[in-house]
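Shown below: run30.csv, with CSV, C-alpha atoms and all ligand atoms.
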```
chain,number,residue,atom,x,y,z
A,1,MET,CA,-13.7,62.1,-1.9
A,2,ARG,CA,-16.2,64.4,-0.1
A,3,ALA,CA,-16.5,68.0,-1.1
A,4,THR,CA,-15.4,70.3,1.7
A,5,SER,CA,-17.4,73.4,2.8
A,6,GLY,CA,-16.8,76.4,0.6
A,7,GLN,CA,-16.3,74.3,-2.6
A,8,HIS,CA,-18.9,74.1,-5.2
A,9,PRO,CA,-20.4,70.6,-4.7
A,10,HIS,CA,-19.9,69.7,-8.4
A,11,SER,CA,-16.4,71.0,-8.8
A,12,THR,CA,-13.9,68.3,-9.7
A,13,PRO,CA,-11.8,67.3,-6.7
A,14,ARG,CA,-8.1,67.6,-7.4
A,15,ILE,CA,-6.4,64.3,-7.0
A,16,VAL,CA,-2.8,64.6,-6.1
A,17,ARG,CA,-0.9,61.6,-7.3
A,18,SER,CA,2.5,60.7,-5.9
A,19,PRO,CA,4.9,60.7,-8.9
A,20,GLY,CA,5.5,57.0,-8.5
A,21,SER,CA,1.9,55.7,-8.4
A,22,GLN,CA,1.6,55.2,-12.2
A,23,THR,CA,4.9,53.3,-12.2
A,24,ALA,CA,3.9,51.2,-9.2
A,25,LEU,CA,0.6,50.3,-10.9
A,26,ARG,CA,2.4,49.4,-14.1
A,27,GLU,CA,4.8,47.3,-12.2
A,28,ARG,CA,2.0,45.5,-10.4
A,29,ASN,CA,0.2,44.8,-13.7
A,30,GLN,CA,3.5,43.6,-15.2
A,31,GLN,CA,4.0,41.2,-12.3
A,32,ARG,CA,0.5,39.8,-12.9
A,33,ILE,CA,1.4,39.1,-16.5
A,34,ILE,CA,4.7,37.5,-15.5
A,35,ASP,CA,3.0,35.3,-12.9
A,36,SER,CA,0.4,34.2,-15.4
A,37,LEU,CA,3.1,33.3,-18.0
A,38,LEU,CA,5.1,31.3,-15.4
A,39,ASP,CA,2.1,29.5,-14.1
A,40,ASN,CA,0.4,28.8,-17.4
A,41,GLY,CA,3.1,28.7,-20.0
A,42,PRO,CA,2.7,30.8,-23.2
A,43,LEU,CA,-0.6,32.6,-23.5
A,44,THR,CA,-2.3,34.7,-26.2
A,45,GLN,CA,-2.9,38.4,-25.3
A,46,ALA,CA,-6.6,37.6,-25.0
A,47,GLU,CA,-5.9,34.8,-22.6
A,48,LEU,CA,-3.6,37.0,-20.6
A,49,ALA,CA,-6.4,39.6,-20.3
A,50,ARG,CA,-8.8,37.0,-19.1
A,51,ARG,CA,-6.4,35.5,-16.6
A,52,THR,CA,-5.1,38.8,-15.1
A,53,GLY,CA,-8.4,40.7,-15.3
A,54,LEU,CA,-6.6,43.5,-17.1
A,55,SER,CA,-8.1,45.1,-20.2
A,56,ALA,CA,-6.9,44.0,-23.6
A,57,ALA,CA,-5.4,47.4,-24.2
A,58,THR,CA,-3.4,47.4,-20.9
A,59,VAL,CA,-2.1,43.9,-21.7
A,60,SER,CA,-1.1,45.0,-25.1
A,61,ASN,CA,0.7,48.1,-23.8
A,62,ILE,CA,2.6,46.1,-21.1
A,63,VAL,CA,3.5,43.3,-23.5
A,64,ASN,CA,5.0,45.8,-25.9
A,65,VAL,CA,7.1,47.4,-23.2
A,66,MET,CA,8.2,44.0,-21.9
A,67,ALA,CA,9.0,42.8,-25.5
A,68,ASP,CA,11.1,45.9,-26.1
A,69,ALA,CA,13.0,45.2,-22.8
A,70,GLY,CA,13.6,41.6,-23.9
A,71,MET,CA,11.5,40.2,-21.0
A,72,VAL,CA,9.0,38.4,-23.3
A,73,GLY,CA,8.9,37.1,-26.8
A,74,THR,CA,5.9,37.3,-29.0
A,75,GLN,CA,4.8,35.1,-31.9
A,76,ARG,CA,1.9,35.4,-34.3
A,77,THR,CA,-0.6,32.5,-34.1
A,78,THR,CA,-4.3,31.7,-34.5
A,79,SER,CA,-6.7,31.0,-31.6
A,80,SER,CA,-10.2,29.7,-32.4
A,81,GLY,CA,-9.6,30.7,-36.0
A,82,ARG,CA,-8.7,34.3,-35.2
A,83,ARG,CA,-5.3,35.9,-35.4
A,84,ALA,CA,-3.7,36.2,-32.1
A,85,LEU,CA,-0.3,37.1,-30.5
A,86,LEU,CA,1.3,34.4,-28.3
A,87,VAL,CA,3.4,35.7,-25.5
A,88,ARG,CA,6.0,33.8,-23.6
A,89,MET,CA,8.7,34.6,-21.0
A,90,ALA,CA,12.1,35.2,-22.6
A,91,ASP,CA,15.0,32.9,-21.8
A,92,ASN,CA,16.8,34.3,-18.7
A,93,GLY,CA,19.5,31.6,-18.7
A,94,LYS,CA,17.6,29.6,-16.0
A,95,VAL,CA,16.1,26.2,-16.5
A,96,ALA,CA,13.6,24.0,-14.7
A,97,ILE,CA,13.8,20.2,-14.7
A,98,GLY,CA,11.0,17.7,-15.0
A,99,ILE,CA,11.6,14.1,-14.0
A,100,ASP,CA,9.2,11.3,-14.5
A,101,PHE,CA,9.8,8.0,-12.7
A,102,GLY,CA,7.9,5.3,-14.4
A,103,ARG,CA,7.7,1.6,-13.5
A,104,ARG,CA,10.3,0.8,-16.1
A,105,HIS,CA,11.6,4.1,-17.3
A,106,LEU,CA,12.9,7.5,-16.3
A,107,ARG,CA,12.4,10.6,-18.4
A,108,ILE,CA,14.1,14.0,-17.9
A,109,VAL,CA,13.1,17.3,-19.5
A,110,VAL,CA,15.1,20.5,-19.2
A,111,ALA,CA,13.0,23.6,-20.0
A,112,THR,CA,13.3,27.4,-19.9
A,113,VAL,CA,10.9,29.6,-18.0
A,114,GLY,CA,9.3,30.4,-21.4
A,115,TYR,CA,8.3,26.7,-21.7
A,116,TRP,CA,10.8,25.7,-24.4
A,117,VAL,CA,12.3,22.3,-24.1
A,118,VAL,CA,16.1,22.6,-24.1
A,119,ALA,CA,16.9,18.9,-23.6
A,120,GLU,CA,15.0,15.7,-23.1
A,121,GLU,CA,16.0,12.1,-22.6
A,122,SER,CA,14.4,8.9,-21.5
A,123,VAL,CA,16.1,5.7,-20.3
A,124,GLU,CA,14.9,2.2,-19.5
A,125,LEU,CA,15.1,1.0,-15.9
A,126,PRO,CA,14.8,-2.6,-14.7
A,127,PHE,CA,11.3,-3.6,-13.5
A,128,GLY,CA,11.1,-3.3,-9.8
A,129,TYR,CA,14.1,-1.0,-9.4
A,130,ARG,CA,14.7,0.4,-6.0
A,131,ALA,CA,14.3,4.1,-5.2
A,132,GLU,CA,18.0,4.5,-4.7
A,133,VAL,CA,18.8,3.1,-8.2
A,134,GLY,CA,16.2,5.5,-9.7
A,135,VAL,CA,17.6,8.5,-7.9
A,136,ASP,CA,21.2,7.6,-8.8
A,137,THR,CA,20.3,7.1,-12.5
A,138,ALA,CA,18.3,10.4,-12.5
A,139,SER,CA,21.2,12.3,-10.9
A,140,LYS,CA,23.8,11.0,-13.5
A,141,LEU,CA,21.5,11.6,-16.5
A,142,LEU,CA,20.7,15.1,-15.3
A,143,SER,CA,24.4,15.9,-14.8
A,144,ARG,CA,25.1,14.7,-18.3
A,145,LEU,CA,22.2,16.7,-19.9
A,146,LEU,CA,23.2,19.9,-18.1
A,147,GLU,CA,26.9,19.5,-19.1
A,148,LYS,CA,26.0,18.7,-22.7
A,149,HIS,CA,24.0,22.0,-22.9
A,150,GLY,CA,26.5,24.1,-21.0
A,151,LEU,CA,24.3,24.6,-18.0
A,152,VAL,CA,25.7,24.8,-14.5
A,153,PRO,CA,23.7,23.5,-11.5
A,154,SER,CA,23.1,27.1,-10.3
A,155,ALA,CA,21.1,27.7,-13.5
A,156,VAL,CA,18.5,25.2,-12.3
A,157,LEU,CA,15.5,26.9,-10.7
A,158,GLY,CA,14.2,23.6,-9.4
A,159,VAL,CA,13.2,20.1,-10.1
A,160,GLY,CA,9.6,18.8,-10.4
A,161,VAL,CA,9.4,15.0,-9.9
A,162,GLY,CA,6.5,12.8,-10.8
A,163,ILE,CA,6.1,9.4,-9.1
A,164,PRO,CA,3.4,6.9,-10.0
A,165,ALA,CA,2.1,6.7,-6.4
A,166,PRO,CA,-0.1,8.7,-4.1
A,167,ILE,CA,2.0,11.2,-2.1
A,168,ASP,CA,0.9,12.4,1.3
A,169,GLN,CA,1.8,16.1,1.0
A,170,ARG,CA,1.7,16.5,4.8
A,171,THR,CA,4.5,14.2,5.5
A,172,GLY,CA,6.3,14.1,2.1
A,173,THR,CA,6.2,10.3,1.9
A,174,VAL,CA,4.9,7.9,-0.7
A,175,VAL,CA,1.6,6.4,0.6
A,176,HIS,CA,1.0,2.7,0.9
A,177,GLY,CA,-0.7,1.3,-2.2
A,178,ALA,CA,1.9,2.7,-4.5
A,179,ILE,CA,2.5,1.1,-7.8
A,180,LEU,CA,6.2,1.1,-7.0
A,181,PRO,CA,6.3,-1.0,-3.8
A,182,GLU,CA,10.0,-0.4,-3.6
A,183,TRP,CA,9.3,3.3,-3.0
A,184,VAL,CA,6.7,3.0,-0.2
A,185,GLY,CA,7.7,4.9,2.9
A,186,MET,CA,10.6,6.6,0.9
A,187,ARG,CA,11.0,10.1,2.3
A,188,LEU,CA,11.0,12.5,-0.6
A,189,LYS,CA,13.6,14.6,1.2
A,190,ASP,CA,16.1,11.8,0.5
A,191,LEU,CA,15.4,12.3,-3.2
A,192,GLU,CA,16.1,16.0,-2.9
A,193,ASP,CA,19.4,15.2,-1.1
A,194,GLY,CA,20.3,12.7,-3.8
A,195,LEU,CA,19.8,15.2,-6.6
A,196,GLY,CA,21.3,18.1,-4.7
A,197,LEU,CA,18.7,20.5,-6.0
A,198,PRO,CA,15.4,22.0,-4.7
A,199,VAL,CA,12.7,19.4,-5.6
A,200,SER,CA,8.9,19.5,-5.7
A,201,PHE,CA,7.1,16.2,-5.9
A,202,ASP,CA,3.7,15.2,-7.3
A,203,ASN,CA,1.8,12.2,-8.3
A,204,ASP,CA,2.3,11.4,-12.1
A,205,ALA,CA,-1.4,11.9,-13.0
A,206,ASN,CA,-1.5,15.3,-11.3
A,207,LEU,CA,1.6,16.3,-13.4
A,208,GLY,CA,-0.1,15.0,-16.5
A,209,ALA,CA,-3.1,17.3,-15.8
A,210,LEU,CA,-0.8,20.2,-15.2
A,211,ALA,CA,1.0,19.5,-18.5
A,212,GLU,CA,-2.2,19.5,-20.5
A,213,VAL,CA,-3.1,23.1,-19.3
A,214,THR,CA,0.5,24.4,-19.6
A,215,TRP,CA,2.3,22.6,-22.4
A,216,GLY,CA,-0.7,21.1,-24.1
A,217,PRO,CA,-3.4,22.5,-26.2
A,218,HIS,CA,-5.9,23.0,-23.4
A,219,GLY,CA,-4.6,26.1,-21.7
A,220,SER,CA,-8.0,27.9,-21.8
A,221,ILE,CA,-9.8,25.0,-20.0
A,222,GLU,CA,-10.7,25.6,-16.4
A,223,ASN,CA,-12.0,22.2,-15.4
A,224,LEU,CA,-10.1,19.2,-16.8
A,225,VAL,CA,-9.6,15.6,-15.7
A,226,PHE,CA,-6.4,13.8,-16.9
A,227,MET,CA,-6.7,10.1,-16.5
A,228,LYS,CA,-3.6,8.1,-16.8
A,229,ILE,CA,-4.0,4.4,-17.9
A,230,GLY,CA,-0.8,2.5,-17.4
A,231,SER,CA,0.3,-0.2,-15.1
A,232,GLY,CA,-1.7,1.8,-12.6
A,233,ILE,CA,-4.7,4.0,-13.2
A,234,GLY,CA,-5.0,7.5,-11.6
A,235,ALA,CA,-6.5,10.9,-12.3
A,236,GLY,CA,-5.2,14.4,-12.0
A,237,LEU,CA,-7.7,17.2,-11.6
A,238,ILE,CA,-7.6,20.9,-12.7
A,239,LEU,CA,-10.6,22.6,-11.0
A,240,ASN,CA,-11.3,26.3,-11.6
A,241,GLY,CA,-8.0,26.6,-13.4
A,242,LYS,CA,-5.9,25.1,-10.5
A,243,PRO,CA,-4.6,21.7,-9.6
A,244,PHE,CA,-6.8,20.1,-7.0
A,245,TYR,CA,-5.1,18.0,-4.2
A,246,GLY,CA,-7.8,17.2,-1.7
A,247,SER,CA,-7.1,17.3,2.1
A,248,LEU,CA,-4.1,15.0,2.2
A,249,GLY,CA,-2.8,15.5,-1.3
A,250,VAL,CA,-4.2,12.1,-2.3
A,251,SER,CA,-6.9,13.0,-4.8
A,252,GLY,CA,-7.9,11.3,-8.1
A,253,GLU,CA,-7.3,7.7,-7.0
A,254,ILE,CA,-10.0,6.5,-9.3
A,255,GLY,CA,-8.0,3.3,-10.1
A,256,HIS,CA,-9.2,2.1,-6.7
A,257,GLU,CA,-12.8,2.6,-7.4
A,258,ILE,CA,-14.4,-0.9,-6.9
A,259,VAL,CA,-16.0,-1.9,-10.2
A,260,VAL,CA,-16.2,-5.7,-9.7
A,261,GLU,CA,-17.9,-7.1,-6.6
A,262,ASN,CA,-15.7,-9.7,-4.9
A,263,GLY,CA,-13.2,-9.2,-7.7
A,264,GLU,CA,-9.5,-9.9,-7.8
A,265,ARG,CA,-7.3,-8.7,-4.9
A,266,CYS,CA,-5.8,-5.2,-5.6
A,267,HIS,CA,-2.4,-4.2,-4.2
A,268,CYS,CA,-4.2,-1.5,-2.2
A,269,GLY,CA,-5.8,-4.3,-0.1
A,270,ASN,CA,-9.4,-4.0,-1.6
A,271,ASN,CA,-10.9,-6.3,-4.1
A,272,GLY,CA,-12.2,-5.6,-7.6
A,273,CYS,CA,-10.6,-2.2,-8.1
A,274,LEU,CA,-10.6,-0.6,-11.6
A,275,GLU,CA,-6.9,-1.2,-11.7
A,276,THR,CA,-7.3,-5.0,-11.4
A,277,VAL,CA,-9.3,-5.1,-14.6
A,278,ALA,CA,-8.4,-2.1,-16.7
A,279,SER,CA,-4.7,-1.4,-16.2
A,280,THR,CA,-2.2,-2.3,-18.9
A,281,SER,CA,-0.9,-5.1,-16.5
A,282,ALA,CA,-4.5,-6.5,-16.4
A,283,MET,CA,-4.8,-6.3,-20.2
A,284,LEU,CA,-1.5,-8.2,-20.6
A,285,SER,CA,-2.6,-10.8,-18.2
A,286,ALA,CA,-6.0,-11.1,-19.9
A,287,LEU,CA,-4.3,-11.7,-23.3
A,288,SER,CA,-1.6,-14.1,-21.9
A,289,GLY,CA,-3.6,-17.1,-23.0
A,290,GLN,CA,-3.5,-16.1,-26.7
A,291,ALA,CA,-1.4,-18.0,-29.2
A,292,ASP,CA,0.9,-15.0,-29.7
A,293,PRO,CA,0.4,-13.0,-26.6
A,294,PRO,CA,1.6,-9.4,-26.3
A,295,HIS,CA,4.5,-8.9,-23.8
A,296,SER,CA,4.4,-5.1,-23.5
A,297,THR,CA,2.0,-2.2,-23.8
A,298,ALA,CA,3.7,-1.3,-27.1
A,299,GLU,CA,2.6,-4.7,-28.4
A,300,ILE,CA,-1.0,-4.1,-27.2
A,301,VAL,CA,-1.0,-0.9,-29.2
A,302,ARG,CA,0.4,-2.7,-32.2
A,303,ASP,CA,-2.2,-5.5,-32.1
A,304,GLY,CA,-5.0,-3.0,-31.4
A,305,LEU,CA,-4.1,-0.9,-34.4
A,306,ARG,CA,-4.1,-4.2,-36.5
A,307,HIS,CA,-7.7,-4.8,-35.3
A,308,ASP,CA,-6.6,-8.1,-33.7
A,309,ALA,CA,-10.0,-9.4,-32.4
A,310,PRO,CA,-8.9,-10.6,-28.9
A,311,THR,CA,-7.0,-7.3,-28.3
A,312,ILE,CA,-10.0,-5.2,-29.4
A,313,GLU,CA,-12.2,-7.3,-27.0
A,314,VAL,CA,-9.9,-6.7,-24.0
A,315,LEU,CA,-9.8,-3.0,-24.8
A,316,GLU,CA,-13.6,-2.9,-25.0
A,317,VAL,CA,-14.0,-4.6,-21.6
A,318,ALA,CA,-11.4,-2.3,-20.0
A,319,GLY,CA,-12.6,0.8,-21.8
A,320,LEU,CA,-16.3,0.3,-20.7
A,321,LEU,CA,-15.2,-0.1,-17.1
A,322,ILE,CA,-13.0,3.0,-17.3
A,323,GLY,CA,-15.9,4.9,-18.8
A,324,ARG,CA,-18.2,3.8,-16.0
A,325,ALA,CA,-15.8,5.1,-13.4
A,326,LEU,CA,-15.5,8.4,-15.4
A,327,GLY,CA,-19.3,8.6,-15.3
A,328,SER,CA,-19.1,9.2,-11.6
A,329,VAL,CA,-16.4,11.8,-12.2
A,330,ALA,CA,-18.6,13.6,-14.7
A,331,ASN,CA,-21.6,13.5,-12.4
A,332,LEU,CA,-19.5,14.9,-9.5
A,333,LEU,CA,-17.4,17.5,-11.2
A,334,ASN,CA,-18.8,18.1,-14.7
A,335,PRO,CA,-15.4,18.7,-16.3
A,336,GLU,CA,-15.2,20.4,-19.7
A,337,LEU,CA,-12.7,17.8,-20.9
A,338,ILE,CA,-11.3,14.4,-19.9
A,339,VAL,CA,-7.9,13.7,-21.3
A,340,ILE,CA,-6.7,10.1,-21.5
A,341,GLY,CA,-2.9,9.7,-21.0
A,342,GLY,CA,-0.4,6.9,-20.7
A,343,PRO,CA,1.2,4.4,-23.1
A,344,LEU,CA,-2.0,3.4,-24.9
A,345,THR,CA,-2.9,6.8,-26.3
A,346,ALA,CA,-1.7,5.8,-29.8
A,347,LEU,CA,-4.7,3.5,-30.0
A,348,GLY,CA,-6.9,6.6,-30.5
A,349,ASP,CA,-10.5,5.6,-31.1
A,350,ALA,CA,-9.9,1.9,-30.4
A,351,LEU,CA,-9.5,3.0,-26.8
A,352,LEU,CA,-11.7,6.1,-26.7
A,353,GLY,CA,-14.7,4.4,-28.3
A,354,PRO,CA,-15.5,2.0,-25.4
A,355,ILE,CA,-14.5,4.7,-22.8
A,356,ARG,CA,-17.0,7.1,-24.4
A,357,ALA,CA,-19.7,4.4,-24.4
A,358,GLY,CA,-19.1,3.6,-20.7
A,359,LEU,CA,-19.2,7.3,-19.8
A,360,ARG,CA,-22.4,7.9,-21.8
A,361,ASP,CA,-24.1,4.9,-20.2
A,362,HIS,CA,-23.0,5.6,-16.6
A,363,GLY,CA,-22.9,9.4,-16.5
A,364,MET,CA,-26.2,11.2,-15.8
A,365,PRO,CA,-28.3,11.1,-19.0
A,366,GLY,CA,-27.2,14.0,-21.2
A,367,LEU,CA,-24.1,14.7,-19.2
A,368,GLY,CA,-22.0,11.6,-19.9
A,369,GLY,CA,-22.4,11.9,-23.6
A,370,ALA,CA,-21.8,15.7,-23.6
A,371,THR,CA,-18.5,15.3,-21.7
A,372,ARG,CA,-15.6,15.5,-24.3
A,373,VAL,CA,-13.0,12.7,-24.0
A,374,VAL,CA,-9.7,12.9,-26.0
A,375,VAL,CA,-6.3,11.3,-25.9
A,376,SER,CA,-3.3,13.4,-24.7
A,377,SER,CA,-1.3,14.9,-27.5
A,378,LEU,CA,1.7,14.9,-25.2
A,379,GLY,CA,1.8,11.1,-25.0
A,380,GLU,CA,4.4,9.7,-22.7
A,381,ARG,CA,6.1,13.1,-22.3
A,382,ALA,CA,3.2,14.6,-20.3
A,383,GLU,CA,4.4,13.7,-16.8
A,384,ALA,CA,8.0,15.0,-17.3
A,385,LEU,CA,6.7,18.2,-18.9
A,386,GLY,CA,4.3,18.6,-16.0
A,387,GLY,CA,7.2,18.2,-13.7
A,388,ALA,CA,9.0,21.1,-15.4
A,389,ALA,CA,5.9,23.2,-15.2
A,390,LEU,CA,5.6,22.4,-11.4
A,391,ALA,CA,9.3,23.4,-10.9
A,392,ILE,CA,8.7,26.7,-12.8
A,393,GLN,CA,5.6,27.5,-10.7
A,394,ARG,CA,7.3,26.7,-7.4
A,395,SER,CA,10.5,28.5,-8.2
A,396,ASP,CA,11.4,32.1,-7.4
A,397,ALA,CA,11.7,32.8,-11.1
A,398,ARG,CA,9.0,35.5,-10.7
A,399,ASN,CA,11.4,37.5,-8.5
A,400,SER,CA,14.6,37.1,-10.5
B,501,ZN,ZN,-7.1,-0.9,-5.2
```
Output the file's structure as structure tokens, nothing else.
Amino acid sequence: MRATSGQHPHSTPRIVRSPGSQTALRERNQQRIIDSLLDNGPLTQAELARRTGLSAATVSNIVNVMADAGMVGTQRTTSSGRRALLVRMADNGKVAIGIDFGRRHLRIVVATVGYWVVAEESVELPFGYRAEVGVDTASKLLSRLLEKHGLVPSAVLGVGVGIPAPIDQRTGTVVHGAILPEWVGMRLKDLEDGLGLPVSFDNDANLGALAEVTWGPHGSIENLVFMKIGSGIGAGLILNGKPFYGSLGVSGEIGHEIVVENGERCHCGNNGCLETVASTSAMLSALSGQADPPHSTAEIVRDGLRHDAPTIEVLEVAGLLIGRALGSVANLLNPELIVIGGPLTALGDALLGPIRAGLRDHGMPGLGGATRVVVSSLGERAEALGGAALAIQRSDARNS
């Protein structure tokens, strides 16, 4: 404000505030806190301050007011060894649904906007099931779960669906090369009509990455790569705190990096893709000549934990190649953390050891070895939990 003539140049200008401006500012700041809690799940007050750019004192004041009004709940916790207050959105009677369509299973999670799981169920599906069968099964299971917990469909904010296939976000169709050939060309709109609820879709690995930074223990990490190793191999990326989709929505297709020259034909059409040598299907096939071969990923895990020599050898070959592919990822993106997800996570170090070695040897010297690699603590729930997080983020919960 410029001093007008006749006033002493150093006199304090009188600022006339409209009576509502303090309230408006408080409401805007409160909205920033609500948006952060919906997008990221429960956060400590310090994390809220960092994410909203508000001061710790402002966050604390607003959280107190919101807690008194029943809008948020708080809980004492520790963060990096220090006492902290965890803040989460209070239950408003609305729920978000996460659905994970696997190759042989379907998992549904029902969650509140405060990221509490209300209900969760997983069912087996026949191998090679058609999209219509998957949608029908999901629809029936979801109705049953909602009814069991006294929830009406109007309480559902939205559904986040994970599919183990690249999805062209421009056209809303499953891209060729999908691990579920029966789903190729399926219009995702059909799935929405089948469920009769607003649906958001994503690739399963993208949802795994989202779950790690919302439901998982890695909420403060800004650059994270989630790599799912299952019958397919794919990666989900969180860059600068946000999911990264690329130009078509088809990012993270690291399973189709060619790691064997003139190798086996991949379902994508190329030869020697990482998936052809390091997926769980490739591992089962590599072990099929054994006297007592494994017939499922659960049996690979069982044998690996028993230190069965042929299983350990197959895990080492696959792990080194996965680590090699991750070396390129580390060189390109320099993530703080790589999280390995999928059905093999219970193997722990038997799987991580060779992956770390491959990453160390193929990443830039110093970088590969410095990049942390862990297994997901969410296990096979990650994708469905990520689906629920996506539904919360895309819903209009922030306005209700
Ligand atoms: Zn391929």
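Distance-wise, CA of Ala291 in chain A and CA of Leu315 in chain A end up 17.7 Å apart.
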**Prompt:** Out of A:Gln75, A:Ser55, A:Ser139, A:Thr214, which residue has the shortest atom-to-atom distance to Gly386 in chain A when counting only C-alpha atoms?
**Reply:** A:Thr214
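From CA of Glu253 in chain A back to CA of Gly272 in chain A, the distance works out to 14.2 Å.
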Within 9 Å of ligand ZN 501 (chain B), which residues of chain A show up? Give each one with its shortest atom-to-atom distance in Å (one decimal) and the two atoms involved, counting all atoms listed in the file, rows by chain then rising residue number, as JSON lines.
```
{"residue": "A:Gly177", "atom": "CA", "partner": "B:ZN501", "partner_atom": "ZN", "distance": 7.4}
{"residue": "A:Glu253", "atom": "CA", "partner": "B:ZN501", "partner_atom": "ZN", "distance": 8.8}
{"residue": "A:Ile254", "atom": "CA", "partner": "B:ZN501", "partner_atom": "ZN", "distance": 8.9}
{"residue": "A:Gly255", "atom": "CA", "partner": "B:ZN501", "partner_atom": "ZN", "distance": 6.5}
{"residue": "A:His256", "atom": "CA", "partner": "B:ZN501", "partner_atom": "ZN", "distance": 4.0}
{"residue": "A:Glu257", "atom": "CA", "partner": "B:ZN501", "partner_atom": "ZN", "distance": 7.0}
{"residue": "A:Ile258", "atom": "CA", "partner": "B:ZN501", "partner_atom": "ZN", "distance": 7.5}
{"residue": "A:Arg265", "atom": "CA", "partner": "B:ZN501", "partner_atom": "ZN", "distance": 7.8}
{"residue": "A:Cys266", "atom": "CA", "partner": "B:ZN501", "partner_atom": "ZN", "distance": 4.5}
{"residue": "A:His267", "atom": "CA", "partner": "B:ZN501", "partner_atom": "ZN", "distance": 5.8}
{"residue": "A:Cys268", "atom": "CA", "partner": "B:ZN501", "partner_atom": "ZN", "distance": 4.2}
{"residue": "A:Gly269", "atom": "CA", "partner": "B:ZN501", "partner_atom": "ZN", "distance": 6.3}
{"residue": "A:Asn270", "atom": "CA", "partner": "B:ZN501", "partner_atom": "ZN", "distance": 5.3}
{"residue": "A:Asn271", "atom": "CA", "partner": "B:ZN501", "partner_atom": "ZN", "distance": 6.7}
{"residue": "A:Gly272", "atom": "CA", "partner": "B:ZN501", "partner_atom": "ZN", "distance": 7.3}
{"residue": "A:Cys273", "atom": "CA", "partner": "B:ZN501", "partner_atom": "ZN", "distance": 4.7}
{"residue": "A:Leu274", "atom": "CA", "partner": "B:ZN501", "partner_atom": "ZN", "distance": 7.3}
{"residue": "A:Glu275", "atom": "CA", "partner": "B:ZN501", "partner_atom": "ZN", "distance": 6.5}
{"residue": "A:Thr276", "atom": "CA", "partner": "B:ZN501", "partner_atom": "ZN", "distance": 7.4}
```
Can you write just those residues out, C-alpha atoms, as a tab-separated table (two decimals), in the frame of the given file?
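Once everything was written out, this is selection37.tsv:
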```tsv
chain	number	residue	atom	x	y	z
A	177	GLY	CA	-0.70	1.30	-2.20
A	253	GLU	CA	-7.30	7.70	-7.00
A	254	ILE	CA	-10.00	6.50	-9.30
A	255	GLY	CA	-8.00	3.30	-10.10
A	256	HIS	CA	-9.20	2.10	-6.70
A	257	GLU	CA	-12.80	2.60	-7.40
A	258	ILE	CA	-14.40	-0.90	-6.90
A	265	ARG	CA	-7.30	-8.70	-4.90
A	266	CYS	CA	-5.80	-5.20	-5.60
A	267	HIS	CA	-2.40	-4.20	-4.20
A	268	CYS	CA	-4.20	-1.50	-2.20
A	269	GLY	CA	-5.80	-4.30	-0.10
A	270	ASN	CA	-9.40	-4.00	-1.60
A	271	ASN	CA	-10.90	-6.30	-4.10
A	272	GLY	CA	-12.20	-5.60	-7.60
A	273	CYS	CA	-10.60	-2.20	-8.10
A	274	LEU	CA	-10.60	-0.60	-11.60
A	275	GLU	CA	-6.90	-1.20	-11.70
A	276	THR	CA	-7.30	-5.00	-11.40
```
**Prompt:** Quick one: residues within 9 Å of Asp349 in chain A, all atoms listed in the file counted, chain neighbours fewer than 3 positions away excluded, as an NGL selection string?
**Reply:** :A and (346 or 352-354 or 374-375)
**Request:** Using all atoms listed in the file, determine which residues lie at most 12 Å from Arg51 in chain A, disregarding the query and same-chain residues fewer than 6 positions distant; provide the list as an NGL selection string.
**Result:** :A and (29 or 32-37 or 39-40 or 43-45 or 59 or 219-222 or 240-241)
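Between Glu313 in chain A and the residues A:Gly160, A:Ala350, A:Gly102, A:Asp204, the shortest atom-to-atom distance, using all atoms listed in the file, involves A:Ala350.
All protein, DNA and RNA residues at most 12 Å from (-6.6, 16.6, -2.2) are Pro166, Ile167, Asp168, Gln169, Arg170, Asp202, Asn203, Asn206, Ala235, Gly236, Leu237, Ile238, Leu239, Lys242, Pro243, Phe244, Tyr245, Gly246, Ser247, Leu248, Gly249, Val250, Ser251, Gly252 and Glu253 of chain A, using all atoms listed in the file.
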Where does range 184-267 of chain A meet range 103-116 of chain A within 10 Å, residue by residue, with the nearest atom pair and distance in Å to one decimal for each, counting all atoms listed in the file, listed by chain and rising number, as a tab-separated table?
```
residue	atom	partner	partner_atom	distance
A:Thr214	CA	A:Tyr115	CA	8.4
A:Trp215	CA	A:Tyr115	CA	7.3
A:Gly230	CA	A:Arg103	CA	9.4
A:Ser231	CA	A:Arg103	CA	7.8
A:Gly232	CA	A:Arg103	CA	9.4
```
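Rounded to one decimal, CA of Arg372 in chain A and CA of Glu336 in chain A lie 6.7 Å from each other.
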Do you know which residues are at most 10 Å from Pro153 in chain A counting only C-alpha atoms, after dropping those on the same chain fewer than 2 positions away, and could you put them as a PDB file with C-alpha atoms, in the frame of the given file?
```pdb
ATOM      1  CA  LYS A  94      17.600  29.600 -16.000  1.00  0.00           C
ATOM      2  CA  VAL A  95      16.100  26.200 -16.500  1.00  0.00           C
ATOM      3  CA  LEU A 142      20.700  15.100 -15.300  1.00  0.00           C
ATOM      4  CA  SER A 143      24.400  15.900 -14.800  1.00  0.00           C
ATOM      5  CA  LEU A 146      23.200  19.900 -18.100  1.00  0.00           C
ATOM      6  CA  GLU A 147      26.900  19.500 -19.100  1.00  0.00           C
ATOM      7  CA  GLY A 150      26.500  24.100 -21.000  1.00  0.00           C
ATOM      8  CA  LEU A 151      24.300  24.600 -18.000  1.00  0.00           C
ATOM      9  CA  ALA A 155      21.100  27.700 -13.500  1.00  0.00           C
ATOM     10  CA  VAL A 156      18.500  25.200 -12.300  1.00  0.00           C
ATOM     11  CA  LEU A 157      15.500  26.900 -10.700  1.00  0.00           C
ATOM     12  CA  GLY A 158      14.200  23.600  -9.400  1.00  0.00           C
ATOM     13  CA  GLY A 196      21.300  18.100  -4.700  1.00  0.00           C
ATOM     14  CA  LEU A 197      18.700  20.500  -6.000  1.00  0.00           C
TER      15      LEU A 197
END
```
